[in-house]
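Visitor: Structure file my_file-v5.pdb (PDB, C-alpha atoms) is given on the next line.
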ATOM      1  CA  MET A 165     -52.578   1.213  45.747  1.00  0.00           C
ATOM      2  CA  CYS A 166     -49.020   2.401  45.298  1.00  0.00           C
ATOM      3  CA  SER A 167     -48.543   6.091  44.643  1.00  0.00           C
ATOM      4  CA  ARG A 168     -46.902   7.260  41.430  1.00  0.00           C
ATOM      5  CA  ASP A 169     -46.385  10.379  39.321  1.00  0.00           C
ATOM      6  CA  LEU A 170     -49.106  10.207  36.670  1.00  0.00           C
ATOM      7  CA  THR A 171     -48.201  13.473  34.954  1.00  0.00           C
ATOM      8  CA  ILE A 172     -46.810  13.350  31.424  1.00  0.00           C
ATOM      9  CA  ALA A 173     -43.430  14.394  32.846  1.00  0.00           C
ATOM     10  CA  GLY A 174     -43.557  11.600  35.404  1.00  0.00           C
ATOM     11  CA  VAL A 175     -44.370   8.909  32.878  1.00  0.00           C
ATOM     12  CA  LYS A 176     -41.691  10.137  30.470  1.00  0.00           C
ATOM     13  CA  LYS A 177     -39.074   9.345  33.094  1.00  0.00           C
ATOM     14  CA  LEU A 178     -40.008   5.670  32.745  1.00  0.00           C
ATOM     15  CA  ARG A 179     -40.021   5.278  28.965  1.00  0.00           C
ATOM     16  CA  LYS A 180     -37.565   6.056  26.170  1.00  0.00           C
ATOM     17  CA  GLU A 181     -38.088   8.810  23.628  1.00  0.00           C
ATOM     18  CA  ARG A 182     -37.439   8.177  19.939  1.00  0.00           C
ATOM     19  CA  SER A 183     -33.880   9.545  20.032  1.00  0.00           C
ATOM     20  CA  GLU A 184     -33.023   7.331  22.999  1.00  0.00           C
ATOM     21  CA  ILE A 185     -34.386   4.240  21.239  1.00  0.00           C
ATOM     22  CA  SER A 186     -32.342   5.075  18.127  1.00  0.00           C
ATOM     23  CA  GLU A 187     -29.221   5.445  20.264  1.00  0.00           C
ATOM     24  CA  TRP A 188     -29.991   2.144  21.975  1.00  0.00           C
ATOM     25  CA  MET A 189     -30.359   0.369  18.622  1.00  0.00           C
ATOM     26  CA  ASN A 190     -27.017   1.747  17.446  1.00  0.00           C
ATOM     27  CA  MET A 191     -25.450   0.531  20.689  1.00  0.00           C
ATOM     28  CA  MET A 192     -26.804  -2.997  20.129  1.00  0.00           C
ATOM     29  CA  ILE A 193     -25.330  -3.031  16.620  1.00  0.00           C
ATOM     30  CA  ARG A 194     -22.005  -1.705  17.863  1.00  0.00           C
ATOM     31  CA  ASP A 195     -21.731  -4.018  20.882  1.00  0.00           C
ATOM     32  CA  HIS A 196     -22.821  -7.217  19.101  1.00  0.00           C
ATOM     33  CA  PRO A 197     -21.497  -6.969  15.516  1.00  0.00           C
ATOM     34  CA  ASP A 198     -21.265 -10.749  15.207  1.00  0.00           C
ATOM     35  CA  VAL A 199     -25.034 -11.259  15.409  1.00  0.00           C
ATOM     36  CA  VAL A 200     -26.766  -7.861  15.051  1.00  0.00           C
ATOM     37  CA  THR A 201     -27.281  -5.680  11.989  1.00  0.00           C
ATOM     38  CA  GLY A 202     -29.604  -2.738  11.417  1.00  0.00           C
ATOM     39  CA  LEU A 203     -31.902  -2.562   8.394  1.00  0.00           C
ATOM     40  CA  ILE A 204     -33.969   0.368   7.115  1.00  0.00           C
ATOM     41  CA  TYR A 205     -37.067  -1.023   5.425  1.00  0.00           C
ATOM     42  CA  GLY A 206     -39.419   1.920   5.124  1.00  0.00           C
ATOM     43  CA  THR A 207     -40.154   5.591   5.629  1.00  0.00           C
ATOM     44  CA  THR A 208     -43.073   7.084   7.537  1.00  0.00           C
ATOM     45  CA  TYR A 209     -45.373   9.842   6.290  1.00  0.00           C
ATOM     46  CA  GLU A 210     -43.324  12.376   8.257  1.00  0.00           C
ATOM     47  CA  LYS A 211     -40.114  11.041   6.665  1.00  0.00           C
ATOM     48  CA  ARG A 212     -38.802   9.089   9.615  1.00  0.00           C
ATOM     49  CA  LYS A 213     -36.906   5.886   8.910  1.00  0.00           C
ATOM     50  CA  ILE A 214     -38.440   2.576   9.974  1.00  0.00           C
ATOM     51  CA  ILE A 215     -35.554   0.498  11.296  1.00  0.00           C
ATOM     52  CA  LEU A 216     -35.279  -3.059  12.574  1.00  0.00           C
ATOM     53  CA  LEU A 217     -32.604  -5.111  14.259  1.00  0.00           C
ATOM     54  CA  LYS A 218     -31.736  -8.382  12.560  1.00  0.00           C
ATOM     55  CA  ILE A 219     -30.371 -10.834  15.112  1.00  0.00           C
ATOM     56  CA  GLY A 220     -28.796 -14.114  14.076  1.00  0.00           C
ATOM     57  CA  VAL A 221     -25.563 -15.864  13.178  1.00  0.00           C
ATOM     58  CA  ARG A 222     -24.574 -15.049   9.609  1.00  0.00           C
ATOM     59  CA  SER A 223     -25.064 -17.968   7.239  1.00  0.00           C
ATOM     60  CA  THR A 224     -25.393 -18.739   3.539  1.00  0.00           C
ATOM     61  CA  GLU A 225     -28.001 -21.395   4.319  1.00  0.00           C
ATOM     62  CA  LYS A 226     -31.750 -20.792   4.333  1.00  0.00           C
ATOM     63  CA  LYS A 227     -32.935 -19.870   7.807  1.00  0.00           C
ATOM     64  CA  LYS A 228     -36.321 -19.636   9.460  1.00  0.00           C
ATOM     65  CA  VAL A 229     -37.512 -16.142  10.295  1.00  0.00           C
ATOM     66  CA  ILE A 230     -39.142 -14.647  13.381  1.00  0.00           C
ATOM     67  CA  TRP A 231     -40.752 -11.240  12.840  1.00  0.00           C
ATOM     68  CA  MET A 232     -41.580  -9.077  15.857  1.00  0.00           C
ATOM     69  CA  ASP A 233     -42.864  -5.511  15.805  1.00  0.00           C
ATOM     70  CA  CYS A 234     -43.697  -3.309  18.767  1.00  0.00           C
ATOM     71  CA  GLY A 235     -45.311   0.089  19.073  1.00  0.00           C
ATOM     72  CA  ILE A 236     -47.967  -0.336  16.383  1.00  0.00           C
ATOM     73  CA  HIS A 237     -50.188   1.859  18.576  1.00  0.00           C
ATOM     74  CA  ALA A 238     -48.489   5.115  19.540  1.00  0.00           C
ATOM     75  CA  ARG A 239     -49.778   5.507  23.099  1.00  0.00           C
ATOM     76  CA  GLU A 240     -48.804   2.039  24.306  1.00  0.00           C
ATOM     77  CA  TRP A 241     -45.317   2.945  25.453  1.00  0.00           C
ATOM     78  CA  ILE A 242     -44.796  -0.363  27.261  1.00  0.00           C
ATOM     79  CA  SER A 243     -44.696  -2.156  23.910  1.00  0.00           C
ATOM     80  CA  PRO A 244     -41.405  -0.656  22.606  1.00  0.00           C
ATOM     81  CA  ALA A 245     -40.014  -1.157  26.116  1.00  0.00           C
ATOM     82  CA  PHE A 246     -40.802  -4.871  25.887  1.00  0.00           C
ATOM     83  CA  CYS A 247     -39.123  -5.191  22.482  1.00  0.00           C
ATOM     84  CA  GLN A 248     -35.992  -3.720  24.031  1.00  0.00           C
ATOM     85  CA  HIS A 249     -36.311  -6.105  26.975  1.00  0.00           C
ATOM     86  CA  PHE A 250     -36.571  -9.034  24.561  1.00  0.00           C
ATOM     87  CA  VAL A 251     -33.477  -7.985  22.603  1.00  0.00           C
ATOM     88  CA  LYS A 252     -31.546  -7.403  25.820  1.00  0.00           C
ATOM     89  CA  GLU A 253     -32.379 -10.896  27.096  1.00  0.00           C
ATOM     90  CA  ILE A 254     -31.454 -12.606  23.820  1.00  0.00           C
ATOM     91  CA  LEU A 255     -28.160 -10.751  23.418  1.00  0.00           C
ATOM     92  CA  GLY A 256     -27.327 -11.203  27.076  1.00  0.00           C
ATOM     93  CA  SER A 257     -27.631 -14.976  26.923  1.00  0.00           C
ATOM     94  CA  TYR A 258     -26.686 -16.225  23.454  1.00  0.00           C
ATOM     95  CA  LYS A 259     -23.010 -16.663  24.354  1.00  0.00           C
ATOM     96  CA  THR A 260     -23.724 -18.614  27.535  1.00  0.00           C
ATOM     97  CA  ASP A 261     -27.027 -20.368  26.824  1.00  0.00           C
ATOM     98  CA  PRO A 262     -26.535 -23.285  24.382  1.00  0.00           C
ATOM     99  CA  LYS A 263     -30.245 -23.234  23.517  1.00  0.00           C
ATOM    100  CA  ILE A 264     -30.237 -19.581  22.411  1.00  0.00           C
ATOM    101  CA  SER A 265     -26.895 -19.988  20.661  1.00  0.00           C
ATOM    102  CA  GLU A 266     -28.188 -22.940  18.648  1.00  0.00           C
ATOM    103  CA  MET A 267     -31.403 -21.158  17.694  1.00  0.00           C
ATOM    104  CA  LEU A 268     -29.552 -18.128  16.330  1.00  0.00           C
ATOM    105  CA  LYS A 269     -27.611 -20.455  14.031  1.00  0.00           C
ATOM    106  CA  HIS A 270     -30.809 -21.671  12.384  1.00  0.00           C
ATOM    107  CA  LEU A 271     -33.179 -18.713  12.505  1.00  0.00           C
ATOM    108  CA  ASP A 272     -33.043 -14.927  12.280  1.00  0.00           C
ATOM    109  CA  LEU A 273     -34.970 -12.527  14.504  1.00  0.00           C
ATOM    110  CA  TYR A 274     -36.262  -9.344  12.874  1.00  0.00           C
ATOM    111  CA  VAL A 275     -37.253  -6.907  15.627  1.00  0.00           C
ATOM    112  CA  THR A 276     -38.796  -3.458  15.040  1.00  0.00           C
ATOM    113  CA  PRO A 277     -38.891  -1.651  18.412  1.00  0.00           C
ATOM    114  CA  VAL A 278     -41.203   1.134  17.175  1.00  0.00           C
ATOM    115  CA  LEU A 279     -43.324   0.476  14.095  1.00  0.00           C
ATOM    116  CA  ASN A 280     -45.527   3.578  14.336  1.00  0.00           C
ATOM    117  CA  MET A 281     -42.743   6.123  14.780  1.00  0.00           C
ATOM    118  CA  ASP A 282     -44.736   9.232  13.781  1.00  0.00           C
ATOM    119  CA  GLY A 283     -47.531   8.434  16.200  1.00  0.00           C
ATOM    120  CA  TYR A 284     -45.065   7.533  18.944  1.00  0.00           C
ATOM    121  CA  VAL A 285     -43.286  10.878  18.636  1.00  0.00           C
ATOM    122  CA  TYR A 286     -46.638  12.693  18.599  1.00  0.00           C
ATOM    123  CA  SER A 287     -47.760  10.917  21.783  1.00  0.00           C
ATOM    124  CA  TRP A 288     -44.782  12.459  23.579  1.00  0.00           C
ATOM    125  CA  LYS A 289     -45.744  16.022  22.601  1.00  0.00           C
ATOM    126  CA  ASP A 290     -47.912  16.975  25.592  1.00  0.00           C
ATOM    127  CA  ASN A 291     -50.886  15.876  27.710  1.00  0.00           C
ATOM    128  CA  THR A 292     -53.350  16.500  24.879  1.00  0.00           C
ATOM    129  CA  THR A 293     -51.616  13.994  22.571  1.00  0.00           C
ATOM    130  CA  ARG A 294     -50.628  11.342  25.122  1.00  0.00           C
ATOM    131  CA  LEU A 295     -53.413   8.902  24.132  1.00  0.00           C
ATOM    132  CA  TRP A 296     -52.857   9.183  20.373  1.00  0.00           C
ATOM    133  CA  ARG A 297     -53.153   5.718  18.816  1.00  0.00           C
ATOM    134  CA  LYS A 298     -52.822   5.965  15.041  1.00  0.00           C
ATOM    135  CA  THR A 299     -50.250   7.177  12.508  1.00  0.00           C
ATOM    136  CA  ARG A 300     -50.020  10.846  11.482  1.00  0.00           C
ATOM    137  CA  SER A 301     -50.906  10.571   7.787  1.00  0.00           C
ATOM    138  CA  PRO A 302     -53.778  12.846   6.674  1.00  0.00           C
ATOM    139  CA  GLY A 303     -57.143  11.580   5.481  1.00  0.00           C
ATOM    140  CA  SER A 304     -58.056  11.517   1.797  1.00  0.00           C
ATOM    141  CA  GLY A 305     -59.912  14.307   0.004  1.00  0.00           C
ATOM    142  CA  ASN A 306     -61.437  16.906   2.310  1.00  0.00           C
ATOM    143  CA  CYS A 307     -61.165  14.710   5.381  1.00  0.00           C
ATOM    144  CA  THR A 308     -59.763  16.591   8.367  1.00  0.00           C
ATOM    145  CA  CYS A 309     -59.027  13.469  10.405  1.00  0.00           C
ATOM    146  CA  PHE A 310     -55.416  12.398  10.750  1.00  0.00           C
ATOM    147  CA  GLY A 311     -54.022   8.932  11.160  1.00  0.00           C
ATOM    148  CA  THR A 312     -54.581   5.304  10.256  1.00  0.00           C
ATOM    149  CA  ASP A 313     -54.782   2.422  12.703  1.00  0.00           C
ATOM    150  CA  LEU A 314     -51.925   0.218  11.514  1.00  0.00           C
ATOM    151  CA  ASN A 315     -53.580  -2.825  13.032  1.00  0.00           C
ATOM    152  CA  ARG A 316     -56.620  -2.489  10.763  1.00  0.00           C
ATOM    153  CA  ASN A 317     -57.645  -1.946   7.125  1.00  0.00           C
ATOM    154  CA  PHE A 318     -55.810  -4.982   5.779  1.00  0.00           C
ATOM    155  CA  TYR A 319     -57.089  -7.052   2.878  1.00  0.00           C
ATOM    156  CA  ALA A 320     -58.214  -9.817   5.207  1.00  0.00           C
ATOM    157  CA  ASN A 321     -61.797 -10.544   6.329  1.00  0.00           C
ATOM    158  CA  TRP A 322     -62.815  -7.032   5.251  1.00  0.00           C
ATOM    159  CA  GLY A 323     -66.467  -6.342   6.065  1.00  0.00           C
ATOM    160  CA  ASN A 324     -66.850  -9.412   8.251  1.00  0.00           C
ATOM    161  CA  PRO A 325     -68.232  -9.126  11.810  1.00  0.00           C
ATOM    162  CA  ASN A 326     -64.670  -9.704  13.001  1.00  0.00           C
ATOM    163  CA  SER A 327     -62.830  -7.370  10.637  1.00  0.00           C
ATOM    164  CA  GLY A 328     -59.349  -8.140   9.423  1.00  0.00           C
ATOM    165  CA  SER A 329     -56.270  -7.105  11.359  1.00  0.00           C
ATOM    166  CA  SER A 330     -52.533  -7.299  10.717  1.00  0.00           C
ATOM    167  CA  ARG A 331     -52.562 -10.751  12.311  1.00  0.00           C
ATOM    168  CA  ASP A 332     -55.279 -11.964   9.917  1.00  0.00           C
ATOM    169  CA  PHE A 333     -53.320 -10.565   6.989  1.00  0.00           C
ATOM    170  CA  ALA A 334     -50.211 -12.444   8.105  1.00  0.00           C
ATOM    171  CA  ARG A 335     -52.171 -15.684   8.050  1.00  0.00           C
ATOM    172  CA  LEU A 336     -53.650 -14.836   4.662  1.00  0.00           C
ATOM    173  CA  ILE A 337     -50.247 -14.455   3.007  1.00  0.00           C
ATOM    174  CA  GLY A 338     -49.052 -17.806   4.323  1.00  0.00           C
ATOM    175  CA  ILE A 339     -47.341 -17.104   7.639  1.00  0.00           C
ATOM    176  CA  PRO A 340     -48.361 -20.167   9.692  1.00  0.00           C
ATOM    177  CA  PHE A 341     -48.029 -18.662  13.167  1.00  0.00           C
ATOM    178  CA  SER A 342     -49.221 -15.164  14.012  1.00  0.00           C
ATOM    179  CA  PHE A 343     -49.697 -13.957  17.584  1.00  0.00           C
ATOM    180  CA  THR A 344     -50.702 -10.811  19.443  1.00  0.00           C
ATOM    181  CA  PHE A 345     -49.427 -10.351  22.997  1.00  0.00           C
ATOM    182  CA  GLU A 346     -51.253  -8.084  25.436  1.00  0.00           C
ATOM    183  CA  LEU A 347     -49.462  -7.539  28.718  1.00  0.00           C
ATOM    184  CA  ARG A 348     -50.989  -7.275  32.188  1.00  0.00           C
ATOM    185  CA  ASP A 349     -53.466  -6.220  33.597  1.00  0.00           C
ATOM    186  CA  LYS A 350     -56.648  -8.137  32.709  1.00  0.00           C
ATOM    187  CA  GLY A 351     -58.957  -5.648  34.388  1.00  0.00           C
ATOM    188  CA  HIS A 352     -58.553  -5.997  38.147  1.00  0.00           C
ATOM    189  CA  TYR A 353     -56.142  -3.102  38.573  1.00  0.00           C
ATOM    190  CA  GLY A 354     -57.230  -1.105  35.537  1.00  0.00           C
ATOM    191  CA  PHE A 355     -54.621   1.428  34.472  1.00  0.00           C
ATOM    192  CA  GLN A 356     -52.673   1.309  37.737  1.00  0.00           C
ATOM    193  CA  LEU A 357     -50.673  -1.910  37.608  1.00  0.00           C
ATOM    194  CA  PRO A 358     -48.726  -2.344  40.870  1.00  0.00           C
ATOM    195  CA  GLU A 359     -44.997  -1.830  40.498  1.00  0.00           C
ATOM    196  CA  ASP A 360     -44.200  -5.326  41.733  1.00  0.00           C
ATOM    197  CA  GLN A 361     -46.031  -6.835  38.738  1.00  0.00           C
ATOM    198  CA  ILE A 362     -44.169  -4.952  36.009  1.00  0.00           C
ATOM    199  CA  GLN A 363     -40.993  -7.021  35.920  1.00  0.00           C
ATOM    200  CA  PRO A 364     -42.946 -10.322  36.125  1.00  0.00           C
ATOM    201  CA  ALA A 365     -45.102  -9.108  33.228  1.00  0.00           C
ATOM    202  CA  CYS A 366     -41.986  -8.614  31.089  1.00  0.00           C
ATOM    203  CA  GLU A 367     -40.553 -11.941  32.160  1.00  0.00           C
ATOM    204  CA  GLU A 368     -43.699 -13.957  31.443  1.00  0.00           C
ATOM    205  CA  ALA A 369     -44.129 -12.295  28.051  1.00  0.00           C
ATOM    206  CA  TYR A 370     -40.506 -13.080  27.227  1.00  0.00           C
ATOM    207  CA  GLN A 371     -40.973 -16.722  28.197  1.00  0.00           C
ATOM    208  CA  GLY A 372     -44.092 -16.900  26.035  1.00  0.00           C
ATOM    209  CA  VAL A 373     -42.296 -15.501  23.006  1.00  0.00           C
ATOM    210  CA  LEU A 374     -39.298 -17.747  23.655  1.00  0.00           C
ATOM    211  CA  SER A 375     -41.572 -20.816  23.733  1.00  0.00           C
ATOM    212  CA  ILE A 376     -42.973 -19.910  20.314  1.00  0.00           C
ATOM    213  CA  ILE A 377     -39.492 -19.330  18.905  1.00  0.00           C
ATOM    214  CA  THR A 378     -38.340 -22.679  20.300  1.00  0.00           C
ATOM    215  CA  TYR A 379     -41.283 -24.440  18.657  1.00  0.00           C
ATOM    216  CA  VAL A 380     -40.563 -22.830  15.289  1.00  0.00           C
ATOM    217  CA  HIS A 381     -36.877 -23.699  15.612  1.00  0.00           C
ATOM    218  CA  ASP A 382     -37.554 -27.349  16.447  1.00  0.00           C
ATOM    219  CA  LYS A 383     -40.392 -27.974  13.997  1.00  0.00           C
ATOM    220  CA  THR A 384     -39.802 -29.460  10.545  1.00  0.00           C
ATOM    221  CA  PHE A 385     -42.073 -27.703   8.080  1.00  0.00           C
ATOM    222  CA  ILE A 386     -43.573 -29.150   4.918  1.00  0.00           C
ATOM    223  CA  ARG A 387     -41.418 -28.475   1.844  1.00  0.00           C
ATOM    224  CA  GLY A 388     -38.576 -27.469   4.144  1.00  0.00           C
ATOM    225  CA  ALA A 389     -39.213 -23.797   3.423  1.00  0.00           C
ATOM    226  CA  ALA A 390     -38.047 -21.047   5.716  1.00  0.00           C
ATOM    227  CA  THR A 391     -41.028 -20.085   7.818  1.00  0.00           C
ATOM    228  CA  GLY A 392     -42.046 -16.732   9.232  1.00  0.00           C
ATOM    229  CA  ILE A 393     -43.820 -15.999  12.457  1.00  0.00           C
ATOM    230  CA  THR A 394     -45.187 -12.602  13.326  1.00  0.00           C
ATOM    231  CA  ALA A 395     -45.779 -11.310  16.836  1.00  0.00           C
ATOM    232  CA  THR A 396     -47.241  -7.873  17.436  1.00  0.00           C
ATOM    233  CA  LEU A 397     -46.997  -6.741  21.021  1.00  0.00           C
ATOM    234  CA  TRP A 398     -48.972  -4.082  22.818  1.00  0.00           C
ATOM    235  CA  SER A 399     -50.768  -3.378  26.059  1.00  0.00           C
ATOM    236  CA  VAL A 400     -53.879  -1.259  25.702  1.00  0.00           C
ATOM    237  CA  PHE A 401     -53.651   2.038  27.668  1.00  0.00           C
ATOM    238  CA  LEU A 402     -51.466   0.359  30.269  1.00  0.00           C
ATOM    239  CA  ALA A 403     -48.240   2.291  29.791  1.00  0.00           C
ATOM    240  CA  LEU A 404     -49.664   5.615  30.966  1.00  0.00           C
ATOM    241  CA  TRP A 405     -49.827   4.426  34.561  1.00  0.00           C
ATOM    242  CA  LEU A 406     -46.950   1.974  34.729  1.00  0.00           C
ATOM    243  CA  SER A 407     -43.996   2.575  36.988  1.00  0.00           C
ATOM    244  CA  SER A 408     -40.380   1.830  36.257  1.00  0.00           C
ATOM    245  CA  ALA A 409     -39.101  -1.484  34.981  1.00  0.00           C
ATOM    246  CA  THR A 410     -35.571  -2.419  34.010  1.00  0.00           C
ATOM    247  CA  VAL A 411     -35.481  -2.912  30.238  1.00  0.00           C
TER
END
Since I need it in another form, could you write the structure as structure tokens?

Guide:
Amino acid sequence: MCSRDLTIAGVKKLRKERSEISEWMNMMIRDHPDVVTGLIYGTTYEKRKIILLKIGVRSTEKKKVIWMDCGIHAREWISPAFCQHFVKEILGSYKTDPKISEMLKHLDLYVTPVLNMDGYVYSWKDNTTRLWRKTRSPGSGNCTCFGTDLNRNFYANWGNPNSGSSRDFARLIGIPFSFTFELRDKGHYGFQLPEDQIQPACEEAYQGVLSIITYVHDKTFIRGAATGITATLWSVFLALWLSSATV
């Protein structure tokens, strides 16, 4: 097994803090003004802005929509890193890859690198908060528990053996394709994914997402309506022990 620095300080070297992600988003908007705009679409309990990057060629025509959010669970730091990897790959190829260029003419990508911003910031506080999963909103009444799991408590399949999640809710409101991506590992290596598998994990996830986007772009939908697809990406616990990857 490869050695690595598993302290909170060691892991922080490999992932971006909130301020760095905000700076990165501003850089994407500044460097690609022809296809990238930033949109604020919400505010967290702790008054942080929820921001997405809209990627696509400007048009007055109706366009299909791809929705992608990362970082729904605070502790899964690899998830925001993948969203940044995805944006980097798209923006690095749309001028030279006819396939990507054509897709951005007919669909818009809405990418939220960190959905659970309060929880994400809290998970960076110290070793005692590193595995925080939920938001930071307080419980109701006299409840002393903080946080809500943003992937649960939707009005979809509530009370069923397989309770409703954000993906179920997306289907319920009419979004025809809704996917959850979980990155490597599947159990063999546990938390300690070898360094030489990190970049391939990003690449295979990117190819999977790109295949879905291609299908949505090429498909003719009934009624000709613009169609949404939602992809929520995370990797359970994995980020704590991952080593560096270029994103």

Visitor: What is the atom CA of Phe345 of chain A-atom CA of Phe250 of chain A distance in Å, reported with one decimal?

Guide: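 Straight-line distance from atom CA of Phe345 of chain A to atom CA of Phe250 of chain A works out to 13.0 Å.
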
Visitor: Against segment 367-378 of chain A, which residues of segment 212-309 of chain A fall within 10 Å? For each one I want the closest pair of atoms and the distance in Å (one decimal), counting all atoms listed in the file, rows by chain and increasing residue number, as JSON lines.

Guide:
{"residue": "A:Lys228", "atom": "CA", "partner": "A:Ile377", "partner_atom": "CA", "distance": 10.0}
{"residue": "A:Val229", "atom": "CA", "partner": "A:Ile377", "partner_atom": "CA", "distance": 9.4}
{"residue": "A:Ile230", "atom": "CA", "partner": "A:Ile377", "partner_atom": "CA", "distance": 7.3}
{"residue": "A:Met232", "atom": "CA", "partner": "A:Val373", "partner_atom": "CA", "distance": 9.6}
{"residue": "A:Phe246", "atom": "CA", "partner": "A:Tyr370", "partner_atom": "CA", "distance": 8.3}
{"residue": "A:Cys247", "atom": "CA", "partner": "A:Tyr370", "partner_atom": "CA", "distance": 9.3}
{"residue": "A:His249", "atom": "CA", "partner": "A:Tyr370", "partner_atom": "CA", "distance": 8.1}
{"residue": "A:Phe250", "atom": "CA", "partner": "A:Tyr370", "partner_atom": "CA", "distance": 6.2}
{"residue": "A:Val251", "atom": "CA", "partner": "A:Tyr370", "partner_atom": "CA", "distance": 9.8}
{"residue": "A:Glu253", "atom": "CA", "partner": "A:Tyr370", "partner_atom": "CA", "distance": 8.4}
{"residue": "A:Ile254", "atom": "CA", "partner": "A:Leu374", "partner_atom": "CA", "distance": 9.4}
{"residue": "A:Lys263", "atom": "CA", "partner": "A:Thr378", "partner_atom": "CA", "distance": 8.7}
{"residue": "A:Ile264", "atom": "CA", "partner": "A:Thr378", "partner_atom": "CA", "distance": 8.9}
{"residue": "A:Met267", "atom": "CA", "partner": "A:Thr378", "partner_atom": "CA", "distance": 7.6}
{"residue": "A:Leu271", "atom": "CA", "partner": "A:Ile377", "partner_atom": "CA", "distance": 9.0}
{"residue": "A:Leu273", "atom": "CA", "partner": "A:Ile377", "partner_atom": "CA", "distance": 9.3}

Visitor: Spell out the residues picked by the PyMOL selection byres ((chain A and resi 279-283) around 10) here, as a ChimeraX atom specification.

Guide: /A:182,206-216,232-239,244,275-278,284-288,293-301,311-314,396

Visitor: How far is it from atom CA of Leu347 of chain A to atom CA of Trp231 of chain A, in Å with one decimal?

Guide: 18.5 Å

Visitor: Report, in Å to a single decimal, how far apart atom CA of Lys269 of chain A and atom CA of Gly256 of chain A are.

Guide: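 Atom-to-atom, atom CA of Gly256 of chain A to atom CA of Lys269 of chain A, that is 16.0 Å.
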
Visitor: Let me know the centre plus edge lengths, in Å and rounded to one decimal, of a box with edges along x, y and z that contains all listed atoms of segment 218-228 of chain A and is padded by 8 Å on every side, as JSON.

Guide:
{"center_x": -30.4, "center_y": -14.9, "center_z": 9.3, "size_x": 27.7, "size_y": 29.0, "size_z": 27.6}

Visitor: At a cut-off of 9 Å, using all atoms listed in the file, what residues contact His196 of chain A? Leave out same-chain residues fewer than 5 positions from it and give the result as a ChimeraX atom specification.

Guide: /A:191,201,255

Visitor: Name the closest residue to Trp241 of chain A among the candidates A:Glu181, A:His352, A:Glu346, A:Thr308; distances are taken between atoms, counting all atoms listed in the file.

Guide: A:Glu181

Visitor: Name the residues in contact with Glu266 of chain A at a cut-off of 10 Å, using only C-alpha atoms, excluding same-chain residues fewer than 5 positions from it; report them as a list in words.

Guide: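 Listed by chain and then number, they are Gly220, Val221, Tyr258, Lys259, Asp261, Leu271 and His381 of chain A.
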